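Undergrad: Structure file coords_32.txt, compact mmCIF, C-alpha atoms (C1' of nucleotides), is pasted below:
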```txt
# COMPACT_ATOMS: atom_id res chain seq x y z
CA MET F 78 9.81 51.22 -30.93
CA ASP F 79 10.43 52.37 -27.43
CA ARG F 80 7.77 51.11 -25.10
CA SER F 81 7.42 54.40 -23.26
CA PRO F 82 8.47 57.50 -25.16
CA PRO F 83 9.57 60.52 -23.13
CA HIS F 84 6.81 62.73 -21.80
CA PRO F 85 7.51 66.16 -20.35
CA ASP F 86 6.52 66.88 -16.79
CA VAL F 87 4.01 69.63 -16.19
CA SER F 88 6.81 71.73 -14.72
CA GLU F 89 8.52 71.57 -18.08
CA PHE F 90 5.57 72.74 -20.13
CA ASP F 91 6.56 75.61 -22.37
CA LEU F 92 4.00 77.96 -23.91
CA GLN F 93 6.12 78.51 -26.98
CA LYS F 94 6.27 74.79 -27.70
CA VAL F 95 2.57 74.36 -27.04
CA LEU F 96 1.71 77.09 -29.51
CA GLU F 97 4.12 75.75 -32.10
CA ALA F 98 2.35 72.42 -31.73
CA LEU F 99 -1.14 73.88 -32.00
CA VAL F 100 -0.49 76.19 -34.91
CA ASP F 101 -0.37 73.32 -37.35
CA PRO F 102 -3.85 72.51 -38.68
CA VAL F 103 -3.24 68.77 -38.74
CA ARG F 104 -2.07 68.73 -35.15
CA ARG F 105 -4.85 71.02 -34.00
CA SER F 106 -7.28 68.67 -35.68
CA ILE F 107 -5.80 65.77 -33.73
CA VAL F 108 -6.24 67.65 -30.48
CA THR F 109 -9.76 68.66 -31.41
CA GLN F 110 -10.71 65.10 -32.25
CA LEU F 111 -9.29 63.92 -28.95
CA ALA F 112 -11.16 66.58 -27.03
CA ALA F 113 -14.41 65.80 -28.80
CA ALA F 114 -14.10 62.06 -28.37
CA GLY F 115 -13.37 62.28 -24.67
CA GLN F 116 -11.41 59.05 -24.84
CA ASP F 117 -8.11 57.70 -26.12
CA ILE F 118 -7.64 57.25 -29.85
CA ALA F 119 -5.06 55.19 -31.72
CA CYS F 120 -2.72 56.98 -34.10
CA GLY F 121 -4.24 55.26 -37.09
CA ALA F 122 -7.81 56.05 -36.11
CA PHE F 123 -7.62 59.78 -36.62
CA ASP F 124 -9.19 61.53 -39.54
CA ILE F 125 -6.09 63.16 -40.97
CA SER F 126 -4.86 63.30 -44.53
CA VAL F 127 -1.13 62.82 -44.28
CA SER F 128 1.18 59.87 -44.70
CA LYS F 129 2.02 57.61 -41.78
CA SER F 130 5.50 59.02 -41.39
CA THR F 131 4.15 62.54 -41.31
CA ALA F 132 1.57 61.47 -38.75
CA THR F 133 4.32 60.03 -36.57
CA HIS F 134 6.06 63.39 -36.73
CA HIS F 135 2.94 65.26 -35.66
CA PHE F 136 2.26 62.94 -32.73
CA LYS F 137 5.84 63.38 -31.60
CA VAL F 138 5.50 67.16 -31.62
CA LEU F 139 2.26 66.98 -29.66
CA ARG F 140 3.76 64.58 -27.14
CA GLU F 141 6.92 66.65 -26.64
CA ALA F 142 4.82 69.75 -26.09
CA GLY F 143 2.91 67.89 -23.39
CA LEU F 144 -0.42 67.95 -25.17
CA ILE F 145 -0.85 64.20 -25.43
CA ARG F 146 0.34 61.10 -23.62
CA GLN F 147 1.11 57.98 -25.63
CA HIS F 148 1.15 54.35 -24.62
CA TYR F 149 1.04 51.09 -26.51
CA VAL F 150 -1.87 48.73 -26.57
CA GLY F 151 -0.77 45.75 -28.58
CA THR F 152 0.58 47.11 -31.83
CA SER F 153 -1.44 50.28 -31.61
CA ARG F 154 -0.28 53.46 -30.02
CA MET F 155 -2.98 55.13 -28.00
CA ASN F 156 -3.15 58.85 -27.53
CA THR F 157 -4.54 60.60 -24.47
CA LEU F 158 -5.20 64.30 -24.25
CA ARG F 159 -3.44 65.76 -21.20
CA ARG F 160 -6.32 68.09 -20.67
CA ALA F 161 -6.18 68.66 -16.93
CA GLU F 162 -2.44 69.20 -16.90
CA MET F 163 -2.65 71.67 -19.76
CA ASN F 164 -5.47 73.50 -18.03
CA GLY F 165 -3.31 73.75 -14.95
CA ALA F 166 -0.36 75.16 -16.82
CA PHE F 167 -2.23 77.33 -19.31
CA PRO F 168 -5.76 77.92 -18.03
CA GLY F 169 -8.32 78.36 -20.76
CA LEU F 170 -5.98 77.76 -23.66
CA LEU F 171 -7.15 74.29 -24.62
CA ASP F 172 -10.78 75.21 -24.16
CA ALA F 173 -10.36 78.25 -26.35
CA LEU F 174 -9.01 76.08 -29.14
CA THR F 175 -11.19 73.01 -28.88
CA THR F 176 -14.53 74.64 -28.23
CA GLN F 177 -16.71 75.32 -31.22
CA ARG F 178 -16.90 78.97 -32.11
CA ARG F 179 -20.24 80.56 -31.41
CA ALA F 180 -22.82 81.03 -34.13
CA GLY F 181 -22.31 83.94 -36.48
CA HIS F 182 -18.65 83.19 -36.84
CA ARG F 183 -17.30 81.10 -39.63
CA GLY F 184 -16.11 77.77 -38.43
CA HIS F 185 -12.51 77.47 -39.47
CA MET T 124 2.10 105.26 -46.27
CA ASP T 125 -1.56 104.60 -46.51
CA ARG T 126 -3.51 106.58 -43.99
CA SER T 127 -5.79 103.71 -43.05
CA PRO T 128 -4.42 100.25 -43.71
CA PRO T 129 -6.93 97.42 -44.21
CA HIS T 130 -8.39 95.88 -41.06
CA PRO T 131 -10.37 92.66 -41.18
CA ASP T 132 -13.91 92.67 -39.89
CA VAL T 133 -14.74 90.43 -36.97
CA SER T 134 -16.71 88.20 -39.31
CA GLU T 135 -13.47 87.58 -41.20
CA PHE T 136 -11.42 86.54 -38.20
CA ASP T 137 -9.69 83.25 -38.83
CA LEU T 138 -8.34 81.09 -36.03
CA GLN T 139 -5.52 79.77 -38.17
CA LYS T 140 -4.28 83.27 -38.93
CA VAL T 141 -4.61 84.33 -35.31
CA LEU T 142 -2.52 81.41 -34.15
CA GLU T 143 0.07 81.97 -36.86
CA ALA T 144 0.31 85.53 -35.62
CA LEU T 145 0.59 84.58 -31.97
CA VAL T 146 3.08 81.77 -32.37
CA ASP T 147 5.91 84.18 -33.07
CA PRO T 148 7.60 85.26 -29.82
CA VAL T 149 8.16 88.82 -31.00
CA ARG T 150 4.53 89.25 -32.00
CA ARG T 151 3.27 87.60 -28.84
CA SER T 152 5.44 89.99 -26.89
CA ILE T 153 3.86 92.90 -28.71
CA VAL T 154 0.39 91.65 -27.83
CA THR T 155 1.41 91.03 -24.24
CA GLN T 156 2.83 94.51 -23.90
CA LEU T 157 -0.35 95.99 -25.33
CA ALA T 158 -2.50 93.96 -22.98
CA ALA T 159 -0.40 94.91 -19.99
CA ALA T 160 -0.29 98.59 -20.89
CA GLY T 161 -4.03 98.86 -21.38
CA GLN T 162 -3.53 101.68 -23.83
CA ASP T 163 -2.30 102.34 -27.35
CA ILE T 164 1.41 102.11 -28.06
CA ALA T 165 3.37 103.47 -31.02
CA CYS T 166 5.30 101.00 -33.15
CA GLY T 167 8.61 102.43 -32.07
CA ALA T 168 7.77 102.33 -28.38
CA PHE T 169 7.71 98.58 -28.00
CA ASP T 170 10.45 96.63 -26.32
CA ILE T 171 11.40 94.35 -29.19
CA SER T 172 14.81 93.49 -30.56
CA VAL T 173 14.35 93.43 -34.30
CA SER T 174 15.02 95.92 -37.05
CA LYS T 175 12.44 98.48 -38.09
CA SER T 176 11.59 96.66 -41.30
CA THR T 177 11.07 93.43 -39.42
CA ALA T 178 8.90 95.24 -36.90
CA THR T 179 6.75 96.60 -39.72
CA HIS T 180 6.29 93.05 -40.94
CA HIS T 181 5.19 91.84 -37.50
CA PHE T 182 2.69 94.66 -37.06
CA LYS T 183 1.25 93.89 -40.45
CA VAL T 184 0.76 90.24 -39.55
CA LEU T 185 -0.93 91.19 -36.28
CA ARG T 186 -3.16 93.69 -38.03
CA GLU T 187 -4.19 91.30 -40.79
CA ALA T 188 -5.04 88.66 -38.21
CA GLY T 189 -7.29 91.18 -36.49
CA LEU T 190 -5.31 91.34 -33.27
CA ILE T 191 -4.46 95.02 -33.47
CA ARG T 192 -5.87 98.15 -35.04
CA GLN T 193 -3.51 100.77 -36.37
CA HIS T 194 -3.98 104.47 -36.92
CA TYR T 195 -1.62 107.35 -37.42
CA VAL T 196 -0.99 110.10 -34.92
CA GLY T 197 1.34 112.54 -36.59
CA THR T 198 4.25 110.51 -37.86
CA SER T 199 3.74 107.73 -35.34
CA ARG T 200 1.60 104.71 -35.91
CA MET T 201 -0.45 103.81 -32.88
CA ASN T 202 -1.44 100.24 -32.12
CA THR T 203 -4.62 99.23 -30.32
CA LEU T 204 -5.34 95.73 -29.08
CA ARG T 205 -8.68 94.53 -30.44
CA ARG T 206 -9.34 92.75 -27.23
CA ALA T 207 -13.12 92.76 -27.09
CA GLU T 208 -13.51 91.69 -30.69
CA MET T 209 -11.03 88.86 -30.24
CA ASN T 210 -12.83 87.75 -27.09
CA GLY T 211 -16.04 87.69 -29.04
CA ALA T 212 -14.63 85.57 -31.82
CA PHE T 213 -12.37 83.33 -29.76
CA PRO T 214 -13.45 83.49 -26.12
CA GLY T 215 -10.66 83.01 -23.66
CA LEU T 216 -7.86 82.79 -26.19
CA LEU T 217 -6.32 86.20 -25.64
CA ASP T 218 -6.66 85.93 -21.88
CA ALA T 219 -4.97 82.55 -21.91
CA LEU T 220 -2.00 84.01 -23.73
CA THR T 221 -1.64 87.39 -22.05
CA THR T 222 -2.31 86.40 -18.45
CA GLN T 223 0.69 85.59 -16.34
CA ARG T 224 1.05 81.90 -15.62
CA ARG T 225 0.33 80.97 -12.04
CA ALA T 226 3.13 80.46 -9.52
CA GLY T 227 5.00 77.19 -9.69
CA HIS T 228 5.20 77.31 -13.42
CA ARG T 229 8.16 78.74 -15.23
CA GLY T 230 7.36 82.03 -16.88
CA HIS T 231 8.07 81.59 -20.54
C1' DA S 157 13.08 124.92 -47.78
C1' DT S 158 15.63 121.67 -44.89
C1' DC S 159 16.07 118.10 -41.76
C1' DA S 160 15.24 114.53 -38.70
C1' DA S 161 11.99 111.09 -37.08
C1' DA S 162 8.99 107.20 -37.94
C1' DG S 163 7.65 103.79 -40.75
C1' DT S 164 7.10 101.38 -45.31
C1' DA S 165 8.53 98.84 -49.52
C1' DC S 166 11.49 95.87 -51.76
C1' DG S 167 14.72 92.30 -52.48
C1' DA S 168 17.71 88.84 -50.81
C1' DT S 169 19.13 85.43 -47.64
C1' DC S 170 18.49 81.47 -44.93
C1' DG S 171 17.04 78.14 -41.69
C1' DC S 172 13.27 75.48 -40.11
C1' DG S 173 9.37 72.64 -40.48
C1' DG S 174 5.91 69.82 -43.10
C1' DT S 175 5.88 66.44 -46.42
C1' DC S 176 6.79 61.99 -48.55
C1' DA S 177 8.84 57.35 -49.90
C1' DA S 178 11.41 53.53 -48.64
C1' DA S 179 13.28 50.47 -45.43
C1' DC S 180 12.87 48.75 -40.94
C1' DT S 181 10.81 46.99 -36.29
C1' DT S 182 7.61 45.20 -33.36
C1' DT S 183 3.51 42.91 -32.20
C1' DG S 184 -0.30 39.71 -32.76
C1' DA S 185 -2.65 36.33 -35.70
C1' DT S 186 -2.76 32.27 -38.43
C1' DA Y 143 7.43 30.19 -38.92
C1' DT Y 144 4.88 33.43 -41.73
C1' DC Y 145 2.34 37.32 -42.52
C1' DA Y 146 -0.03 41.46 -42.04
C1' DA Y 147 -0.90 45.57 -39.31
C1' DA Y 148 0.80 49.63 -37.07
C1' DG Y 149 4.27 52.77 -36.36
C1' DT Y 150 9.10 54.43 -36.61
C1' DT Y 151 13.38 56.01 -38.77
C1' DT Y 152 15.99 58.07 -42.08
C1' DG Y 153 17.01 60.98 -45.71
C1' DA Y 154 15.61 64.16 -49.10
C1' DC Y 155 12.95 67.91 -50.87
C1' DC Y 156 10.81 72.26 -50.76
C1' DG Y 157 8.25 76.26 -49.62
C1' DC Y 158 7.38 79.69 -46.34
C1' DG Y 159 8.37 83.02 -43.06
C1' DA Y 160 11.67 85.72 -40.06
C1' DT Y 161 15.32 88.60 -40.73
C1' DC Y 162 18.08 92.39 -42.49
C1' DG Y 163 19.87 96.47 -45.27
C1' DT Y 164 18.87 99.92 -48.38
C1' DA Y 165 16.12 103.13 -50.45
C1' DC Y 166 11.97 105.62 -50.18
C1' DT Y 167 7.86 108.39 -48.22
C1' DT Y 168 5.49 111.11 -45.16
C1' DT Y 169 5.04 114.16 -41.42
C1' DG Y 170 6.35 117.78 -38.24
C1' DA Y 171 9.95 120.97 -36.62
C1' DT Y 172 13.23 124.53 -37.37
```
Let me see the file written as structure tokens.
TA:
Amino acid sequence: MDRSPPHPDVSEFDLQKVLEALVDPVRRSIVTQLAAAGQDIACGAFDISVSKSTATHHFKVLREAGLIRQHYVGTSRMNTLRRAEMNGAFPGLLDALTTQRRAGHRGH
Amino acid sequence: MDRSPPHPDVSEFDLQKVLEALVDPVRRSIVTQLAAAGQDIACGAFDISVSKSTATHHFKVLREAGLIRQHYVGTSRMNTLRRAEMNGAFPGLLDALTTQRRAGHRGH
DNA sequence: ATCAAAGTACGATCGCGGTCAAACTTTGAT
DNA sequence: ATCAAAGTTTGACCGCGATCGTACTTTGAT
């Protein structure tokens, strides 16, 4: 386990990678849960229905796209939504995907 | 060739399908070109580098996601961006993807 | 009636990404 | 020193989607 995995700088954010990260329902759920919670969440504390190794893969994709920042707290890996940085690079994108759809439209 | 291919109603719009449509660079380019042009464009008039059969596939995916509306004009198939309807269903999403990124950030 | 233009339909290929299990590593308790 | 908890790594599998070529259809000129 590397203590500090590589995180892309804002200047390296790439829309294609961000979309590839967000198109997966499991990963989008992770981002949505982070946005709703408004605080850091450990990898194991998410409500997702995949194995641990698959979860690791998803977190890696999200991190490499710049959507989350990861750091260790004890044996747990905490995940932080890079909301402000994403908003700077792609204004409105995160909001459009994490905000609940208005009434009259089916949820998901 | 069916005269009027099936178009989903706004109430049937599905975020997952929209994202799956927009994650492909060729399809996103089509949407971007439509948004920039501000008018209908025929299938053959887009600047895309794939074969005709592949292009047909991409237009079908965009249509079934609700992103474009298609209608025939003579032998050409015109494509219209369903901008307002998309904005209604997923506010800000289309703008976030078709607006040029601000200076200081690499284009694509 | 012919012909070209514009797409569509149909298969086939093929690479990538999501998935898991198993083995391993690291940390923090006991 | 042991043990469990939390993730990671690796390798394998597998299905889906992007791609193309070929054949076909429809429309509009000539």
Undergrad: With chain S as the partner and 10 Å as the cut-off, tabulate the residues of chain F that qualify, each row holding the nearest pair of atoms and their distance in Å to one decimal, using only C-alpha atoms (C1' of nucleotides), sorted by chain and rising number, as a Markdown table.
TA:
```
| residue | atom | partner | partner_atom | distance |
| --- | --- | --- | --- | --- |
| F:Met78 | CA | S:DT182 | C1' | 6.9 |
| F:Asp79 | CA | S:DT182 | C1' | 9.7 |
| F:Asp101 | CA | S:DG174 | C1' | 9.2 |
| F:Val127 | CA | S:DT175 | C1' | 8.2 |
| F:Ser128 | CA | S:DC176 | C1' | 7.1 |
| F:Lys129 | CA | S:DC176 | C1' | 9.4 |
| F:Ser130 | CA | S:DC176 | C1' | 7.9 |
| F:Thr131 | CA | S:DT175 | C1' | 6.7 |
| F:His134 | CA | S:DG174 | C1' | 9.1 |
| F:His135 | CA | S:DG174 | C1' | 9.2 |
| F:Val150 | CA | S:DT183 | C1' | 9.7 |
| F:Gly151 | CA | S:DT183 | C1' | 6.3 |
| F:Thr152 | CA | S:DT183 | C1' | 5.1 |
| F:Ser153 | CA | S:DT183 | C1' | 8.9 |
```
Undergrad: At a cut-off of 10 Å, using only C-alpha atoms (C1' of nucleotides), what residues contact Asp163 in chain T? Leave out same-chain residues fewer than 6 positions from it and give the result as a VMD selection string.
TA: chain T and resid 156 to 157 191 to 194 200 to 204
Undergrad: Counting all atoms listed in the file, which residue out of Y:DG163, Y:DC155, Y:DA148, Y:DG170 sits closest to chain F?
TA: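 Distance minimum relative to chain F lands on Y:DA148.
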Undergrad: Select, from F:Ala161, F:Val100, F:Leu144, F:Val95, the residue with the minimum atom-to-atom distance to chain T, counting all atoms listed in the file.
TA: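 Under the stated criterion, the closest residue is F:Val100.
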Undergrad: Could you please select, counting all atoms listed in the file, the residues of chain Y within 8 Å of chain T and state them as a short mmCIF file (atom, residue, chain, number, x, y, z; two decimals) with C-alpha atoms (C1' of nucleotides), in the frame of the given file?
TA:
```cif
data_model
loop_
_atom_site.label_atom_id
_atom_site.label_comp_id
_atom_site.auth_asym_id
_atom_site.auth_seq_id
_atom_site.Cartn_x
_atom_site.Cartn_y
_atom_site.Cartn_z
"C1'" DA Y 160 11.67 85.72 -40.06
"C1'" DT Y 161 15.32 88.60 -40.73
"C1'" DC Y 162 18.08 92.39 -42.49
"C1'" DT Y 167 7.86 108.39 -48.22
"C1'" DT Y 168 5.49 111.11 -45.16
"C1'" DT Y 169 5.04 114.16 -41.42
"C1'" DG Y 170 6.35 117.78 -38.24
#
```
Undergrad: Using CA of Glu162 in chain F and CA of Tyr149 in chain F as the two end points, give the distance in Å to one decimal.
TA: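 Those two atoms sit 20.8 Å apart.
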Undergrad: Determine the axis-aligned bounding box of all atoms of range 83-96 of chain F present in the file, pad each side by 5 Å, and express its centre and edge lengths in Å to one decimal place as AutoDock Vina command-line options.
TA:
```
--center_x 5.6 --center_y 69.5 --center_z -22.1 --size_x 17.9 --size_y 28.0 --size_z 24.8
```
Undergrad: Write out as a list of chain:residue names the residues lying within 12 Å of Asp124 in chain F, counting all atoms listed in the file and excluding same-chain residues fewer than 4 positions away.
TA: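 Those residues are F:Val103, F:Arg104, F:Arg105, F:Ser106, F:Ile107, F:Val108, F:Thr109, F:Gln110, F:Leu111, F:Ile118, F:Ala119, F:Cys120, F:Ser128, F:Ala132.
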Undergrad: With a distance threshold of 6 Å and counting all atoms listed in the file, extract the residues of chain F near chain T and express them as a list of chain:residue names.
TA: F:Ser88, F:Leu96, F:Val100, F:Gly169, F:Leu170, F:Ala173, F:His182
